[in-house]
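A short worksheet on the structure shown next.
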Amino acid sequence: MTEDPHNHLGQGSPDHLRDIPEPEAAAGFPGEPDGFQRLWTPHRMVYIGGQDKPKDSGIAECPFCTAPTKSDEQGLIVARGAEVYAVLNLYPYNPGHLLICPYRHVADYTDLSESETAELAHFSQKAMTVIRAVSSPDGFNLGMNQGPVAGAGIAAHLHQHIVPRWGGDSNFLPVVAQTKALPQVHADVQAALSKEWNR
């Protein structure tokens, strides 16, 4: 069997889904079969409902300040530096979507010190190298959303997005259903990227 070039981060072929039970069997419920597959993503309601968003812009409510106080596995941290760290996005656009964050609670790129700026740049480069080694993306989106008007979900703590991209990774799901299909759980992605980062 040839390797599938779109087999991102080591997930198997669609055959690996055969043994996963349906979350709810259809028998006994009203409705008629229509040939569609259903992608159940109840975890997305936490994001949509805003339950995990900080109540204010202070350090106590900031997930980017609390993540480094947890173990790497609990905090989804891939690598720690002297002044910045790399963490998985809890609501990723694609598998391996990393955030590079300073430990210091600062909102604006211009607030970073020279050493923080240098390490953030180094971590961004290293993140790309690691993701390429693990999952061979076709490209990347890198960027910072500065301020709520620019799309920053947590504007009080600066974070740079490193988003791996593959040809065809944008389909109708995000547009029609505000849903993103993700083939691998956070724990597996965190373990794979951490292992490669420390190689």
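Labels used: A, B, ... for chains in the order of the structure tokens, numbers from 1 for residues in each chain, and numbers from 1 for ligands as shown.
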Exercise for review: Would you list the contacts of A:Leu193 as a ChimeraX atom specification, taking every protein, DNA or RNA residue within 12 Å and counting only C-alpha atoms, but skipping same-chain residues closer than 3 positions in sequence?
Suggested key: /A:9-10,72-73,76-79,86-88,95-98,126-135,186-190,196-199
**Study point:** Surrounding residues of A:Gly139 excluding itself and chain neighbours under 3 positions, 10 Å, only C-alpha atoms, as a PyMOL selection string
**Key:** chain A and resi 128+132+136+142+163-167
Extract the full set of alpha helix (DSSP H) residues from stretch 52-140 of chain A according to DSSP on the backbone, and format it as a CSV table (one decimal) with C-alpha atoms, in the first residue's frame.
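Result saved to result.csv:
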```
chain,number,residue,atom,x,y,z
A,63,PRO,CA,-5.0,30.9,29.7
A,64,PHE,CA,-1.5,31.8,28.3
A,65,CYS,CA,-0.4,32.7,31.8
A,66,THR,CA,-1.8,29.6,33.4
A,72,ASP,CA,3.4,19.9,29.4
A,73,GLU,CA,0.8,17.3,28.7
A,74,GLN,CA,-1.9,19.1,30.7
A,75,GLY,CA,-1.1,22.5,29.3
A,114,GLU,CA,14.6,42.6,22.3
A,115,SER,CA,15.4,39.2,23.8
A,116,GLU,CA,11.7,38.1,23.8
A,117,THR,CA,11.3,39.2,20.2
A,118,ALA,CA,14.4,37.2,19.2
A,119,GLU,CA,13.3,34.1,21.0
A,120,LEU,CA,9.7,34.4,19.6
A,121,ALA,CA,11.2,34.5,16.1
A,122,HIS,CA,13.5,31.6,16.8
A,123,PHE,CA,10.6,29.5,18.2
A,124,SER,CA,8.5,30.3,15.1
A,125,GLN,CA,11.3,29.0,12.8
A,126,LYS,CA,11.8,25.9,15.0
A,127,ALA,CA,8.0,25.3,15.0
A,128,MET,CA,7.9,25.3,11.2
A,129,THR,CA,10.9,22.9,11.1
A,130,VAL,CA,9.3,20.5,13.6
A,131,ILE,CA,5.9,20.5,11.9
A,132,ARG,CA,7.5,19.9,8.5
A,133,ALA,CA,9.4,16.9,10.0
A,134,VAL,CA,6.3,15.4,11.6
A,135,SER,CA,3.6,16.0,9.0
```
Review point. Taking the backbone alone, and naming residues the way the document does, which bits of stretch 85-153 of chain A are strand (DSSP E or B) by DSSP, as a ChimeraX atom specification?
Key: /A:85-88,98-102,139-143
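Atom pair atom CA of A:Ala60 / atom CA of A:Val106: separated by 13.5 Å.
Neighbouring residues of stretch 101-103 of chain A at 6 Å or closer, counting only C-alpha atoms and skipping chain neighbours under 6 positions away, are Glu83, Val84, Tyr85 and His159 of chain A.
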Saved selection, atoms kept: N, CA, C and O atoms, as a PDB file, in the first residue's frame:
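Contents of the output file result-v5.pdb:
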```pdb
ATOM      1  N   GLU A  83      12.099  32.668  27.552  1.00  0.00           N
ATOM      2  CA  GLU A  83      11.135  33.771  27.660  1.00  0.00           C
ATOM      3  C   GLU A  83       9.838  33.527  26.890  1.00  0.00           C
ATOM      4  O   GLU A  83       8.878  34.284  27.043  1.00  0.00           O
ATOM      5  N   VAL A  84       9.808  32.504  26.058  1.00  0.00           N
ATOM      6  CA  VAL A  84       8.594  32.159  25.307  1.00  0.00           C
ATOM      7  C   VAL A  84       8.404  30.646  25.333  1.00  0.00           C
ATOM      8  O   VAL A  84       9.325  29.898  25.679  1.00  0.00           O
ATOM      9  N   TYR A  85       7.207  30.214  24.961  1.00  0.00           N
ATOM     10  CA  TYR A  85       6.934  28.778  24.869  1.00  0.00           C
ATOM     11  C   TYR A  85       6.006  28.515  23.689  1.00  0.00           C
ATOM     12  O   TYR A  85       5.339  29.428  23.190  1.00  0.00           O
ATOM     13  N   HIS A 159       0.204  36.370  21.142  1.00  0.00           N
ATOM     14  CA  HIS A 159       0.533  35.004  20.716  1.00  0.00           C
ATOM     15  C   HIS A 159       0.611  34.975  19.197  1.00  0.00           C
ATOM     16  O   HIS A 159      -0.197  35.580  18.524  1.00  0.00           O
TER      17      HIS A 159
END
```
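In this structure, atom CA of A:His157 sits 29.1 Å away from atom CA of A:Asp138.
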**Study point:** Residue nearest A:Cys62 among A:Ala156, A:Ser194, A:Thr110, A:Asn89 (counting only C-alpha atoms)
**Key:** A:Ala156
